[in-house]
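Student: Following this message is one structure expressed as structure tokens.
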Amino acid sequence: MVARVVATMMPRKKSEKGYDPLSRRIGVLISGRGSNLQSMIDAIAAGRLNATIAVVVSNRSAAAGLQRARAAGIEATCLRPEDYASRDDYDRAIVRVLNDRDVGVVCLAGFMRRVGAPLLEAFPNRILNIHPSLLPAFPGLDAQRQALEHGVRVSGATVHLVASELDSGPIVLQAAVPVLDTDTVETLSARILIEEHRLYPEAIQIVLAGHWKVEGRKFMRLPAEASAMPLRAGS
Ligand code: GRF
């Protein structure tokens, strides 16, 4: 049976030239240390990622990632969930911040909250997440501990598009690392984190380039000539 195509490319708006490309302005949602955010900042500075971080939003005011963003000259703001009447109201507030800054793609980088319908509907197939396991193994919290307790010999990192179910959604890139008999949660986490920092900027670059579609639950890259979507440089 031929798999049903559920989405092709990105949502595109018509312009006088045909189609507007995907905005290369990204919004990064964090809750803590922000080392993956830093890997994006570094990849942009090194020319490995053609994007602009338009805004960083944290749900925790103490998140160290807010300082990393500000140190790099990036707008960083905290939206406190307790200031909103409902989860949906909170998500709608995030959407407003992102839309006001013309964000095209949203990157979750250690954002410790479930993403609800208002955010998913505002950015369909345009929210990315990184998870410290080879999904679909070990979704949810403490993925590295889960891997150790299960006794797997290989674990790793996954970048995927965000769907309504936790740590599900089409997989963009994965990287594997060995699990050693001597590993602790800390040593395994550190080995995976090295791969995360390489993988996330690469996955964002792939998604922003636009030559892809989602078919069934698969993220499929397309030959460049099959895509009508031009790139917009340096926006
Ligand atoms: C990373 O391990 C990431 O995979 C997970 O949360 C952690 C965030 O770390 N989703 P950091 O805040 O990017 O340093």
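Chain lettering (A, B, ...) mirrors the order of the structure tokens, residue numbering begins at 1 for each chain separately, and ligand numbering begins at 1 in order of display.
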Around ligand 1, which protein and nucleic acid residues have at least one atom no more than 10 Å from it, if we count only C-alpha atoms and all ligand atoms? List them as a ChimeraX atom specification.
Tutor: /A:29-40,63-65,108-112,129-133,140-144,156-159,167,189-190,192-197,200
Student: With N, CA and C atoms retained, could you export that selection as a compact mmCIF listing (two decimals), in the first residue's frame?
Tutor:
```txt
# COMPACT_ATOMS: atom_id res chain seq x y z
N LEU A 29 13.33 27.44 22.69
CA LEU A 29 12.67 27.33 23.99
C LEU A 29 13.53 26.47 24.91
N ILE A 30 13.81 27.00 26.10
CA ILE A 30 14.71 26.31 27.03
C ILE A 30 14.10 26.29 28.43
N SER A 31 14.72 25.47 29.29
CA SER A 31 14.36 25.51 30.72
C SER A 31 15.58 25.57 31.61
N GLY A 32 16.77 25.31 31.06
CA GLY A 32 17.92 25.17 31.96
C GLY A 32 19.22 25.65 31.40
N ARG A 33 20.20 24.75 31.44
CA ARG A 33 21.61 25.14 31.21
C ARG A 33 21.86 25.71 29.82
N GLY A 34 21.16 25.19 28.79
CA GLY A 34 21.27 25.82 27.46
C GLY A 34 22.51 25.46 26.67
N SER A 35 23.06 24.26 26.91
CA SER A 35 24.26 23.91 26.13
C SER A 35 23.90 23.65 24.67
N ASN A 36 22.71 23.13 24.40
CA ASN A 36 22.30 22.96 23.00
C ASN A 36 22.05 24.31 22.33
N LEU A 37 21.47 25.24 23.08
CA LEU A 37 21.35 26.61 22.56
C LEU A 37 22.74 27.14 22.19
N GLN A 38 23.70 26.90 23.07
CA GLN A 38 25.07 27.38 22.80
C GLN A 38 25.62 26.74 21.52
N SER A 39 25.30 25.46 21.30
CA SER A 39 25.80 24.80 20.08
C SER A 39 25.21 25.46 18.84
N MET A 40 23.97 25.96 18.94
CA MET A 40 23.37 26.68 17.80
C MET A 40 24.07 28.02 17.60
N ALA A 63 17.06 29.91 34.40
CA ALA A 63 17.72 29.11 33.37
C ALA A 63 19.02 29.79 32.92
N ALA A 64 20.13 29.06 33.03
CA ALA A 64 21.43 29.63 32.65
C ALA A 64 21.47 29.97 31.16
N GLY A 65 20.65 29.28 30.38
CA GLY A 65 20.62 29.55 28.94
C GLY A 65 20.20 30.98 28.62
N LEU A 108 13.09 23.25 20.44
CA LEU A 108 13.05 22.95 21.87
C LEU A 108 14.44 22.44 22.26
N ALA A 109 15.02 23.06 23.26
CA ALA A 109 16.38 22.67 23.66
C ALA A 109 16.40 22.53 25.19
N GLY A 110 15.97 21.36 25.65
CA GLY A 110 15.86 21.15 27.08
C GLY A 110 14.67 21.91 27.66
N PHE A 111 13.61 22.05 26.88
CA PHE A 111 12.38 22.74 27.34
C PHE A 111 11.52 21.69 28.05
N MET A 112 11.38 21.84 29.37
CA MET A 112 10.78 20.79 30.20
C MET A 112 9.28 20.97 30.36
N ASN A 129 12.74 19.03 18.30
CA ASN A 129 13.17 18.72 19.67
C ASN A 129 14.40 17.83 19.61
N ILE A 130 15.22 17.90 20.64
CA ILE A 130 16.33 16.95 20.76
C ILE A 130 16.12 16.13 22.02
N HIS A 131 16.36 14.82 21.89
CA HIS A 131 16.13 13.90 23.02
C HIS A 131 17.36 13.01 23.18
N PRO A 132 17.80 12.79 24.43
CA PRO A 132 19.05 12.05 24.64
C PRO A 132 18.88 10.53 24.66
N SER A 133 18.25 9.98 23.62
CA SER A 133 18.22 8.52 23.42
C SER A 133 17.93 8.29 21.95
N GLY A 140 10.64 10.40 27.32
CA GLY A 140 10.34 10.96 28.64
C GLY A 140 11.58 11.32 29.42
N LEU A 141 11.38 11.44 30.73
CA LEU A 141 12.46 11.92 31.61
C LEU A 141 13.54 10.86 31.79
N ASP A 142 14.74 11.31 32.14
CA ASP A 142 15.85 10.43 32.53
C ASP A 142 16.14 9.35 31.48
N ALA A 143 16.24 9.78 30.23
CA ALA A 143 16.46 8.82 29.14
C ALA A 143 17.77 8.07 29.32
N GLN A 144 18.79 8.77 29.81
CA GLN A 144 20.10 8.11 29.96
C GLN A 144 20.03 7.05 31.07
N GLY A 156 22.09 7.09 22.33
CA GLY A 156 22.44 8.19 21.45
C GLY A 156 21.52 9.37 21.59
N ALA A 157 21.37 10.10 20.50
CA ALA A 157 20.55 11.31 20.50
C ALA A 157 19.67 11.31 19.26
N THR A 158 18.51 11.96 19.39
CA THR A 158 17.54 12.03 18.29
C THR A 158 17.05 13.46 18.16
N VAL A 159 17.03 13.98 16.93
CA VAL A 159 16.32 15.23 16.65
C VAL A 159 15.09 14.87 15.83
N ASP A 167 7.82 13.01 22.84
CA ASP A 167 9.01 12.45 22.20
C ASP A 167 8.69 11.52 21.03
N SER A 189 25.64 10.52 29.80
CA SER A 189 25.04 11.80 29.40
C SER A 189 26.07 12.68 28.70
N ALA A 190 27.28 12.69 29.23
CA ALA A 190 28.34 13.53 28.64
C ALA A 190 28.68 13.04 27.23
N ILE A 192 26.70 11.39 25.18
CA ILE A 192 25.56 11.70 24.30
C ILE A 192 25.54 13.20 23.97
N LEU A 193 25.86 14.02 24.99
CA LEU A 193 25.78 15.48 24.80
C LEU A 193 26.73 15.97 23.71
N ILE A 194 27.89 15.33 23.61
CA ILE A 194 28.83 15.70 22.53
C ILE A 194 28.14 15.51 21.18
N GLU A 195 27.42 14.40 21.05
CA GLU A 195 26.71 14.15 19.78
C GLU A 195 25.54 15.12 19.61
N GLU A 196 24.85 15.44 20.70
CA GLU A 196 23.73 16.40 20.60
C GLU A 196 24.20 17.71 20.00
N HIS A 197 25.35 18.17 20.47
CA HIS A 197 25.83 19.50 20.05
C HIS A 197 26.23 19.52 18.58
N TYR A 200 22.23 18.76 16.52
CA TYR A 200 21.08 19.68 16.47
C TYR A 200 21.27 20.76 15.40
```
Student: Give the helix (DSSP H, G or I) residues of segment 6-195 of chain A, as assigned by DSSP on the backbone, as a PyMOL selection string.
Tutor: chain A and resi 35-45+64-71+81-83+87-100+117-122+143-150+185-195
Student: Find the residues of segment 74-152 of chain A that sit at most 10 Å from segment 205-224 of chain A; for each, write down the nearest two atoms and how far apart they are in Å, to one decimal. Count only C-alpha atoms. Sort by chain, then by number going up, and give it as JSON lines.
Tutor:
```
{"residue": "A:Gly104", "atom": "CA", "partner": "A:Leu208", "partner_atom": "CA", "distance": 8.8}
{"residue": "A:Val105", "atom": "CA", "partner": "A:Leu208", "partner_atom": "CA", "distance": 7.8}
{"residue": "A:Asn125", "atom": "CA", "partner": "A:Val214", "partner_atom": "CA", "distance": 8.4}
{"residue": "A:Arg126", "atom": "CA", "partner": "A:Val207", "partner_atom": "CA", "distance": 8.4}
{"residue": "A:Ile127", "atom": "CA", "partner": "A:Val207", "partner_atom": "CA", "distance": 10.0}
{"residue": "A:Leu128", "atom": "CA", "partner": "A:Val207", "partner_atom": "CA", "distance": 9.0}
```
Student: Contacts of segment 97-103 of chain A at 7 Å or less, counting only C-alpha atoms, minus same-chain residues fewer than 4 places along, as a ChimeraX atom specification?
Tutor: /A:23,25-27,54,93
Student: Let's have the selection written as a PDB file, in the first residue's frame, with C-alpha atoms.
Tutor:
```
ATOM      1  CA  SER A  23      11.936  32.077   7.519  1.00  0.00           C
ATOM      2  CA  ARG A  25      14.598  33.127  12.016  1.00  0.00           C
ATOM      3  CA  ILE A  26      14.432  30.503  14.746  1.00  0.00           C
ATOM      4  CA  GLY A  27      13.001  30.662  18.247  1.00  0.00           C
ATOM      5  CA  ALA A  54      15.320  35.696  16.860  1.00  0.00           C
ATOM      6  CA  ALA A  93       1.644  33.644  24.895  1.00  0.00           C
TER       7      ALA A  93
END
```
Student: In Å, with one decimal, what is the gap from atom CA of Asp88 of chain A to atom CA of Gly116 of chain A?
Tutor: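 Between atom CA of Asp88 of chain A and atom CA of Gly116 of chain A the gap works out to 6.7 Å.
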Student: Have a look at A:Val106, A:Arg113, A:Gly151, A:Leu166 and name the one nearest to Pro136 of chain A; count only C-alpha atoms.
Tutor: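 Among A:Val106, A:Arg113, A:Gly151, A:Leu166, it is A:Leu166 that comes nearest to Pro136 of chain A.
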Student: Could you state the separation of atom CA of Pro124 of chain A and atom CA of Ala46 of chain A in Å, given to one decimal place?
Tutor: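 Pair atom CA of Pro124 of chain A / atom CA of Ala46 of chain A returns 29.0 Å.
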Student: Pick out the residues sitting within 8 Å of Pro81 of chain A, and hand them over as a ChimeraX atom specification; count only C-alpha atoms, and ignore anything fewer than 6 positions along from it in its own chain.
Tutor: /A:59,87,90
Student: Create the file for the chosen residues now, containing C-alpha atoms and written as a PDB file, in the first residue's frame.
Tutor:
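Below is the file that was written, result21.pdb:
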```pdb
ATOM      1  CA  ASN A  59       9.785  28.920  31.400  1.00  0.00           C
ATOM      2  CA  ARG A  87      -1.681  25.629  29.726  1.00  0.00           C
ATOM      3  CA  TYR A  90       0.665  29.914  28.271  1.00  0.00           C
TER       4      TYR A  90
END
```
Student: Could you tell me how far atom CA of Asp91 of chain A sits from atom CA of Leu79 of chain A, in Å to one decimal place?
Tutor: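 So the answer is 9.9 Å.
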Student: Which residue, A:Val55, A:Ala69, A:Gly169, A:His160, has the smallest gap to Asp42 of chain A when you use only C-alpha atoms?
Tutor: A:Ala69
